[in-house]
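Below: upload_20.csv (CSV, C-alpha atoms)
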```csv
chain,number,residue,atom,x,y,z
A,1494,MET,CA,38.2,37.2,29.8
A,1495,ARG,CA,35.7,40.0,29.5
A,1496,VAL,CA,32.7,37.7,29.3
A,1497,PRO,CA,32.4,34.3,31.1
A,1498,GLN,CA,32.4,31.3,28.9
A,1499,GLU,CA,28.9,30.3,30.0
A,1500,VAL,CA,27.5,33.6,28.5
A,1501,SER,CA,29.1,32.8,25.2
A,1502,LYS,CA,27.3,29.4,25.3
A,1503,TRP,CA,24.1,31.2,26.3
A,1504,HIS,CA,24.5,33.2,23.1
A,1505,ARG,CA,24.2,30.0,21.1
A,1506,ASP,CA,20.5,30.8,20.5
A,1507,LEU,CA,21.5,34.0,18.9
A,1508,PHE,CA,24.4,32.6,17.0
A,1509,GLY,CA,22.6,29.4,16.3
A,1510,GLU,CA,20.7,28.3,13.3
A,1511,PRO,CA,19.7,31.6,11.7
A,1512,PHE,CA,23.2,33.1,12.0
A,1513,MET,CA,25.0,30.0,10.9
A,1514,SER,CA,22.6,29.7,8.0
A,1515,TRP,CA,23.3,33.2,6.9
A,1516,ARG,CA,27.1,32.8,7.4
A,1517,SER,CA,27.4,29.4,5.7
A,1518,ARG,CA,25.6,30.5,2.6
A,1519,VAL,CA,28.1,33.3,1.9
A,1520,ARG,CA,31.3,31.4,2.4
A,1521,SER,CA,31.1,28.7,-0.2
A,1522,TRP,CA,33.4,30.2,-2.9
A,1523,GLU,CA,37.1,30.5,-3.4
A,1524,GLU,CA,37.9,34.1,-2.6
A,1525,GLY,CA,35.4,34.2,0.2
A,1526,LYS,CA,37.9,33.3,2.9
A,1527,LEU,CA,40.3,35.8,1.6
A,1528,ILE,CA,37.6,38.5,1.7
A,1529,VAL,CA,36.7,37.6,5.3
A,1530,ALA,CA,40.4,38.0,6.2
A,1531,ALA,CA,40.7,41.3,4.4
A,1532,VAL,CA,37.6,42.8,6.0
A,1533,SER,CA,38.8,41.5,9.4
A,1534,GLN,CA,42.1,43.2,8.8
A,1535,ALA,CA,40.4,46.4,7.8
A,1536,ASN,CA,38.5,46.3,11.1
A,1537,LEU,CA,41.7,45.4,13.1
A,1538,ALA,CA,40.1,42.2,14.3
A,1539,GLY,CA,43.2,40.2,15.0
A,1540,PHE,CA,41.5,37.1,16.2
A,1541,CYS,CA,39.4,36.8,12.9
A,1542,VAL,CA,42.4,37.7,10.8
A,1543,SER,CA,44.5,35.0,12.2
A,1544,ARG,CA,41.8,32.4,11.7
A,1545,HIS,CA,40.9,33.3,8.2
A,1546,ARG,CA,44.4,34.1,6.9
A,1547,ARG,CA,45.2,30.5,7.7
A,1548,ARG,CA,42.1,29.2,6.0
A,1549,SER,CA,42.9,31.4,2.9
A,1550,VAL,CA,46.3,29.8,2.7
A,1551,ASP,CA,44.6,26.5,2.4
A,1552,ARG,CA,43.1,27.6,-0.8
A,1553,MET,CA,45.6,30.1,-2.3
A,1554,SER,CA,49.3,30.5,-2.3
A,1555,GLU,CA,51.0,32.1,0.7
A,1556,GLU,CA,52.2,34.9,-1.6
A,1557,GLU,CA,48.7,35.6,-2.9
A,1558,VAL,CA,47.4,35.8,0.7
A,1559,ALA,CA,50.3,38.0,1.8
A,1560,GLN,CA,49.7,40.3,-1.2
A,1561,ALA,CA,46.0,40.5,-0.4
A,1562,LEU,CA,46.5,41.4,3.2
A,1563,ASP,CA,49.8,43.1,3.4
A,1564,GLY,CA,50.7,44.3,-0.1
A,1565,PRO,CA,49.8,47.9,-0.9
A,1566,GLU,CA,49.4,47.2,-4.7
A,1567,ARG,CA,48.3,43.6,-4.6
A,1568,GLU,CA,50.0,43.2,-8.0
A,1569,SER,CA,50.2,39.4,-8.0
A,1570,LEU,CA,46.5,39.1,-7.6
A,1571,SER,CA,44.1,38.9,-10.5
A,1572,PRO,CA,42.2,42.2,-11.4
A,1573,VAL,CA,39.0,40.5,-10.4
A,1574,THR,CA,40.3,39.6,-6.9
A,1575,ARG,CA,41.7,43.0,-6.5
A,1576,ALA,CA,38.4,44.6,-7.4
A,1577,LEU,CA,36.4,42.3,-5.0
A,1578,LEU,CA,38.8,43.1,-2.2
A,1579,GLY,CA,38.6,46.8,-2.9
A,1580,PHE,CA,34.8,46.7,-3.0
A,1581,ALA,CA,34.7,44.8,0.3
A,1582,GLU,CA,37.0,47.3,2.0
A,1583,GLU,CA,35.0,50.3,0.8
A,1584,LEU,CA,31.9,48.7,2.1
A,1585,THR,CA,33.6,48.2,5.4
A,1586,LEU,CA,35.4,51.4,5.9
A,1587,ALA,CA,33.8,54.0,3.7
A,1588,LEU,CA,30.1,53.2,3.4
A,1589,GLU,CA,29.2,56.8,2.7
A,1590,THR,CA,31.1,56.7,-0.6
A,1591,MET,CA,29.6,53.4,-1.8
A,1592,SER,CA,27.7,54.0,-5.0
A,1593,SER,CA,26.8,52.4,-8.3
A,1594,GLU,CA,30.1,53.8,-9.7
A,1595,ALA,CA,32.0,51.6,-7.3
A,1596,VAL,CA,29.9,48.6,-8.5
A,1597,GLY,CA,30.6,49.6,-12.1
A,1598,GLN,CA,34.4,49.8,-11.5
A,1599,ALA,CA,34.4,46.3,-10.0
A,1600,ILE,CA,32.3,45.0,-13.0
A,1601,ASP,CA,34.7,46.7,-15.4
A,1602,ALA,CA,37.5,44.8,-13.7
A,1603,GLY,CA,35.8,41.5,-14.4
A,1604,ALA,CA,33.6,40.9,-11.3
A,1605,SER,CA,30.1,39.6,-11.8
A,1606,VAL,CA,27.0,41.0,-10.1
A,1607,SER,CA,26.6,37.6,-8.4
A,1608,HIS,CA,30.1,37.8,-6.9
A,1609,LEU,CA,29.5,41.3,-5.7
A,1610,ARG,CA,26.2,40.3,-4.0
A,1611,ASP,CA,28.2,37.5,-2.3
A,1612,VAL,CA,30.8,40.1,-1.2
A,1613,VAL,CA,28.1,42.3,0.3
A,1614,GLU,CA,26.8,39.3,2.3
A,1615,ILE,CA,30.3,38.4,3.4
A,1616,VAL,CA,31.1,42.0,4.5
A,1617,ALA,CA,27.8,42.2,6.5
A,1618,VAL,CA,28.4,38.9,8.3
A,1619,THR,CA,32.1,39.7,8.9
A,1620,ASN,CA,31.4,43.1,10.3
A,1621,VAL,CA,29.0,41.6,12.9
A,1622,VAL,CA,31.4,38.9,13.9
A,1623,ASN,CA,34.5,41.1,14.0
A,1624,ARG,CA,32.7,43.5,16.3
A,1625,MET,CA,31.6,40.7,18.6
A,1626,THR,CA,35.0,39.0,18.8
A,1627,MET,CA,36.7,42.4,19.6
A,1628,THR,CA,34.0,43.3,22.1
A,1629,LEU,CA,34.5,40.0,23.8
A,1630,GLY,CA,38.2,40.5,23.9
A,1631,ARG,CA,39.2,37.6,21.7
A,1632,ARG,CA,42.8,37.8,20.6
A,1633,PRO,CA,44.9,35.8,18.1
A,1634,GLY,CA,45.9,32.5,19.6
A,1635,ASP,CA,42.8,32.3,21.8
A,1636,VAL,CA,41.0,29.0,21.7
A,1637,ARG,CA,37.9,29.4,19.6
A,1638,PRO,CA,34.8,29.7,21.8
A,1639,ARG,CA,31.5,28.3,20.5
A,1640,GLY,CA,29.8,31.3,18.9
A,1641,PRO,CA,31.1,34.2,16.9
A,1642,GLY,CA,34.4,34.0,15.2
B,1397,MET,CA,28.7,37.9,38.0
B,1398,MET,CA,26.7,41.0,38.7
B,1399,VAL,CA,23.0,41.0,38.4
B,1400,GLY,CA,21.7,42.7,35.2
B,1401,LYS,CA,19.6,45.8,35.5
B,1402,ARG,CA,16.2,45.1,34.1
B,1403,ARG,CA,13.7,47.6,32.8
B,1404,ARG,CA,11.3,46.3,30.3
B,1405,GLY,CA,7.8,47.0,29.1
B,1406,SER,CA,5.0,44.6,28.8
B,1407,SER,CA,5.3,41.9,26.1
B,1408,SER,CA,2.7,43.6,24.0
B,1409,GLU,CA,4.7,46.9,24.1
B,1410,VAL,CA,7.9,45.0,23.2
B,1411,ALA,CA,6.2,43.3,20.3
B,1412,SER,CA,4.7,46.5,19.0
B,1413,GLU,CA,8.0,48.3,19.1
B,1414,LEU,CA,9.8,45.5,17.3
B,1415,LEU,CA,7.2,45.2,14.6
B,1416,THR,CA,7.1,48.9,13.9
B,1417,HIS,CA,10.7,50.1,14.4
B,1418,PRO,CA,13.9,48.3,13.6
B,1419,LEU,CA,12.5,45.6,11.5
B,1420,GLN,CA,10.7,48.1,9.4
B,1421,HIS,CA,14.1,49.3,8.1
B,1422,LEU,CA,15.0,45.8,7.2
B,1423,ALA,CA,11.6,45.3,5.5
B,1424,GLU,CA,12.1,48.5,3.5
B,1425,ALA,CA,15.6,47.4,2.5
B,1426,GLU,CA,14.4,44.0,1.5
B,1427,GLY,CA,11.3,45.2,-0.3
B,1428,GLY,CA,13.1,47.0,-3.1
B,1429,GLY,CA,12.0,44.5,-5.7
B,1430,SER,CA,15.1,42.6,-6.6
B,1431,SER,CA,14.4,38.9,-6.6
B,1432,HIS,CA,17.9,38.0,-5.4
B,1433,ARG,CA,17.2,39.3,-2.0
B,1434,GLY,CA,14.1,37.2,-1.4
B,1435,SER,CA,11.4,38.3,1.0
B,1436,LEU,CA,11.8,39.5,4.5
B,1437,ASP,CA,10.5,36.1,5.6
B,1438,CYS,CA,13.2,34.0,3.9
B,1439,HIS,CA,16.5,35.8,4.5
B,1440,PRO,CA,18.3,34.4,7.5
B,1441,LEU,CA,19.4,37.9,8.6
B,1442,ASP,CA,15.8,38.8,9.4
B,1443,GLU,CA,15.6,35.9,11.9
B,1444,VAL,CA,18.9,36.9,13.4
B,1445,VAL,CA,17.8,40.5,13.9
B,1446,ARG,CA,14.4,39.4,15.2
B,1447,THR,CA,16.0,37.1,17.7
B,1448,ALA,CA,18.5,39.7,18.9
B,1449,LEU,CA,15.9,42.5,19.3
B,1450,GLY,CA,12.9,40.5,20.2
B,1451,PRO,CA,11.4,39.3,23.4
B,1452,GLY,CA,12.9,36.7,25.7
B,1453,ARG,CA,16.2,38.5,26.3
B,1454,ILE,CA,17.3,40.2,29.6
B,1455,SER,CA,18.0,43.7,28.6
B,1456,ASP,CA,15.5,46.5,27.9
B,1457,PRO,CA,14.3,46.2,24.3
B,1458,ALA,CA,14.4,49.9,24.0
B,1459,TRP,CA,18.1,49.8,24.8
B,1460,ARG,CA,18.7,47.1,22.2
B,1461,THR,CA,16.7,49.0,19.6
B,1462,SER,CA,18.8,52.1,20.4
B,1463,ALA,CA,22.0,50.1,20.0
B,1464,TYR,CA,20.9,48.6,16.7
B,1465,GLU,CA,19.9,52.0,15.3
B,1466,HIS,CA,23.1,53.6,16.5
B,1467,GLY,CA,25.1,50.8,14.8
B,1468,ARG,CA,23.3,51.6,11.5
B,1469,ALA,CA,23.8,55.3,11.9
B,1470,ILE,CA,27.5,55.0,12.6
B,1471,ALA,CA,27.9,52.7,9.6
B,1472,ARG,CA,26.1,55.2,7.3
B,1473,GLY,CA,28.7,57.8,8.4
B,1474,GLY,CA,28.5,61.6,7.7
B,1475,ALA,CA,25.7,63.5,9.3
B,1476,ALA,CA,24.0,60.3,10.5
B,1477,ALA,CA,27.0,59.4,12.6
B,1478,ASN,CA,27.3,62.9,14.0
B,1479,THR,CA,23.8,63.2,15.1
B,1480,SER,CA,22.9,59.6,16.1
B,1481,ALA,CA,21.9,59.5,19.8
B,1482,THR,CA,22.1,56.5,22.1
B,1483,GLN,CA,19.2,57.5,24.3
B,1484,PRO,CA,17.8,56.0,26.4
B,1485,LEU,CA,21.0,54.2,27.1
B,1486,PRO,CA,22.8,55.2,30.3
B,1487,ASP,CA,26.2,56.8,29.7
B,1488,LEU,CA,28.4,53.7,30.3
B,1489,LEU,CA,26.3,51.6,28.1
B,1490,ALA,CA,26.1,54.3,25.5
B,1491,GLN,CA,29.9,54.4,25.4
B,1492,LEU,CA,30.1,50.7,24.9
B,1493,VAL,CA,27.6,50.7,22.1
B,1494,ASP,CA,29.3,53.6,20.4
B,1495,ASP,CA,32.6,51.8,20.6
B,1496,VAL,CA,31.2,48.6,19.2
B,1497,ALA,CA,29.7,50.5,16.3
B,1498,ARG,CA,32.6,52.9,15.7
B,1499,ALA,CA,35.9,51.4,16.9
B,1500,PRO,CA,35.6,48.1,18.7
B,1501,ASP,CA,39.4,47.8,18.9
B,1502,ARG,CA,39.3,50.5,21.5
B,1503,ILE,CA,37.2,48.5,23.9
B,1504,THR,CA,39.2,47.7,27.0
B,1505,ASP,CA,39.1,45.2,29.9
B,1506,GLU,CA,38.8,48.2,32.2
B,1507,GLN,CA,35.7,49.4,30.4
B,1508,PHE,CA,34.1,46.0,31.1
B,1509,GLU,CA,35.2,46.2,34.7
B,1510,ALA,CA,33.5,49.6,35.1
B,1511,LEU,CA,30.3,48.2,33.5
B,1512,TYR,CA,30.3,45.2,35.9
B,1513,THR,CA,31.0,47.5,38.8
B,1514,ALA,CA,28.0,49.6,37.8
B,1515,GLY,CA,25.8,46.5,38.0
B,1516,TYR,CA,25.4,45.4,34.4
B,1517,SER,CA,25.5,41.7,33.7
B,1518,ALA,CA,27.6,40.0,31.0
B,1519,GLU,CA,24.3,39.0,29.4
B,1520,VAL,CA,23.1,42.6,29.1
B,1521,LEU,CA,26.5,43.7,27.7
B,1522,CYS,CA,26.5,40.9,25.1
B,1523,GLU,CA,22.9,41.7,24.0
B,1524,LEU,CA,23.7,45.4,23.5
B,1525,ALA,CA,27.0,44.7,21.8
B,1526,LEU,CA,25.3,42.3,19.4
B,1527,ALA,CA,22.5,44.7,18.6
B,1528,ALA,CA,25.0,47.4,17.7
B,1529,ALA,CA,27.1,44.9,15.7
B,1530,LEU,CA,24.0,43.8,13.8
B,1531,GLY,CA,23.2,47.4,13.0
B,1532,ALA,CA,26.6,47.7,11.5
B,1533,GLY,CA,26.2,44.6,9.4
B,1534,VAL,CA,22.6,45.3,8.3
B,1535,GLU,CA,23.5,48.8,7.1
B,1536,ARG,CA,26.4,47.6,5.1
B,1537,ARG,CA,24.3,44.9,3.5
B,1538,THR,CA,21.5,47.3,2.7
B,1539,THR,CA,23.8,49.9,1.2
B,1540,GLY,CA,25.8,47.4,-0.8
B,1541,MET,CA,22.7,45.7,-2.3
B,1542,GLU,CA,21.2,49.1,-3.1
B,1543,ALA,CA,24.4,50.1,-4.9
B,1544,ILE,CA,24.3,46.9,-7.0
B,1545,ASP,CA,20.6,47.4,-7.7
B,1546,ALA,CA,21.3,51.0,-8.8
B,1547,TRP,CA,24.1,49.8,-11.1
B,1548,GLU,CA,21.8,47.2,-12.6
B,1549,SER,CA,19.0,49.6,-13.1
B,1550,GLY,CA,21.4,52.1,-14.7
B,1551,PHE,CA,19.9,55.2,-13.3
B,1552,THR,CA,21.0,56.4,-9.9
B,1553,ASP,CA,23.2,55.4,-7.0
B,1554,PRO,CA,21.7,54.8,-3.5
B,1555,ARG,CA,22.6,58.4,-2.5
B,1556,GLY,CA,20.5,59.8,-5.4
B,1557,ALA,CA,23.3,61.0,-7.7
B,1558,ALA,CA,23.1,60.3,-11.4
B,1559,ARG,CA,25.5,57.7,-12.8
```
Structure encoded using structure tokens:
Amino acid sequence: MRVPQEVSKWHRDLFGEPFMSWRSRVRSWEEGKLIVAAVSQANLAGFCVSRHRRRSVDRMSEEEVAQALDGPERESLSPVTRALLGFAEELTLALETMSSEAVGQAIDAGASVSHLRDVVEIVAVTNVVNRMTMTLGRRPGDVRPRGPG
Amino acid sequence: MMVGKRRRGSSSEVASELLTHPLQHLAEAEGGGSSHRGSLDCHPLDEVVRTALGPGRISDPAWRTSAYEHGRAIARGGAAANTSATQPLPDLLAQLVDDVARAPDRITDEQFEALYTAGYSAEVLCELALAAALGAGVERRTTGMEAIDAWESGFTDPRGAAR
């Protein structure tokens, strides 16, 4: 382990109430778990992918989750879900190309402004957590520590 | 565990730096006038950043500020990513911060061993990693919300190009 467990616990004041408040307020809708998994996959954050893929399957079919995370075309997903995933991935991997046009494309596909704002929050939280879990060396199958992840 | 290297200014210097530098960006991002975002005082992200960069931590606040700003610059990409400096961070820490911001999957156990051998504590490494990670998250939130605001206003995108 790169960082002793007691340091992770020490970080509870950082990953305490404010962070959990931020995180919890953006994970309360159906596609949220799937978007967390997709962003984590884009970041190659295996620990987070494994956790949130499983949670996504609790809410969607196995096929839908597989399409979202592994299928190049995502053809079994609704246009809205495809648009939200694409928006989240662009915000994660190609921020320099993010524009009002990208927003317009997602809106045209049926996404709402409210959903897109939620996606932005999810992407921001997930990019922080992904980076911390990878820095700390968490891997799929690790027991979840208290703190990020 | 190795003892962390400490180098910090007075509490007033730290407070002054925090209130005028990294949080200013957040304030500017939050102050764009859209009611959905709320004020700087009410978004939980503000408190997270304030806690991570503020007093009461072990590492040098200037190091954390540098890590945070580098995380933002790398997220912005393009020229910002090419020119972002990690001064005053020492080389080993600068490399860790850059990896956290740019490609955290490349971070290795050996890299941590080298950092511990150089005398940096786990607490210091976590603080700097978190600062860089928060920069990555804050920049994405800011740009994403700006793009949505721009679409709603119907005029320009956040980079200034006409729709």
> Leaving out segment 1543-1553 of chain A and any residue of its chain fewer than 5 positions from it, which residues lie within 6 Å of it when counting all atoms listed in the file, given as a PyMOL selection string?
Replying inline: chain A and resi 1526-1527+1530+1633
>> Using all atoms listed in the file and a distance of at most 6 Å, pull out the residues of chain A that contact chain B, as a ChimeraX atom specification.
In response: /A:1496,1511-1512,1515,1588-1589,1592-1593,1613,1617,1620-1621,1624,1627
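The two atoms in question, atom CA of Ala1561 of chain A and atom CA of Met1625 of chain A, are spaced 23.8 Å apart.
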> For Glu1614 of chain A, which residue among A:Thr1628, A:Ser1571, A:Ser1514, A:Asn1536 is the nearest when counting all atoms listed in the file?
Replying inline: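 The closest residue to Glu1614 of chain A is A:Ser1514.
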> If you count only C-alpha atoms, which residues fall within 9 Å of Thr1626 of chain A, apart from same-chain ones fewer than 2 positions away, as an NGL selection string?
Replying inline: :A and (1538 or 1540-1541 or 1621-1624 or 1628-1632 or 1641-1642)
> Any idea what the distance is between atom CA of Ile1600 of chain A and atom CA of Val1542 of chain A?
Replying inline: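 Separating atom CA of Ile1600 of chain A from atom CA of Val1542 of chain A is a distance of 26.9 Å.
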> How far is it from atom CA of Gln1483 of chain B to atom CA of Ser1462 of chain B, in Å with one decimal?
Replying inline: 6.7 Å
> Quick one: of A:Ala1595, A:Glu1524, A:Asp1635, A:Glu1557, who's nearest to Ser1569 of chain A, counting all atoms listed in the file?
Replying inline: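 Closest to Ser1569 of chain A of all the choices is A:Glu1557.
Minimum atom-to-atom distances from A:Val1616, A:Ala1581, A:Val1529, A:Val1500 to Val1596 of chain A were compared using all atoms listed in the file, and the lowest value belongs to A:Ala1581.
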> Using only C-alpha atoms, which of B:Glu1465, B:Asp1494, B:Asp1456, B:Asp1487 sits nearest Ala1514 of chain B?
Replying inline: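 For Ala1514 of chain B, the nearest of the given residues is B:Asp1487.
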With only C-alpha atoms as the counted atoms, please give the residues lying no more than 10 Å from Thr1574 of chain A, apart from itself and same-chain residues fewer than 2 positions off, as a short mmCIF file (atom, residue, chain, number, x, y, z; two decimals) with C-alpha atoms, keeping the file's coordinate frame.
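Below you can see selection-v1.cif, which holds the result:
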```
data_model
loop_
_atom_site.label_atom_id
_atom_site.label_comp_id
_atom_site.auth_asym_id
_atom_site.auth_seq_id
_atom_site.Cartn_x
_atom_site.Cartn_y
_atom_site.Cartn_z
CA GLU A 1524 37.90 34.10 -2.60
CA LEU A 1527 40.30 35.80 1.60
CA ILE A 1528 37.60 38.50 1.70
CA ALA A 1561 46.00 40.50 -0.40
CA ARG A 1567 48.30 43.60 -4.60
CA SER A 1569 50.20 39.40 -8.00
CA LEU A 1570 46.50 39.10 -7.60
CA SER A 1571 44.10 38.90 -10.50
CA PRO A 1572 42.20 42.20 -11.40
CA ALA A 1576 38.40 44.60 -7.40
CA LEU A 1577 36.40 42.30 -5.00
CA LEU A 1578 38.80 43.10 -2.20
CA GLY A 1579 38.60 46.80 -2.90
CA PHE A 1580 34.80 46.70 -3.00
CA ALA A 1599 34.40 46.30 -10.00
CA ALA A 1602 37.50 44.80 -13.70
CA GLY A 1603 35.80 41.50 -14.40
CA ALA A 1604 33.60 40.90 -11.30
#
```
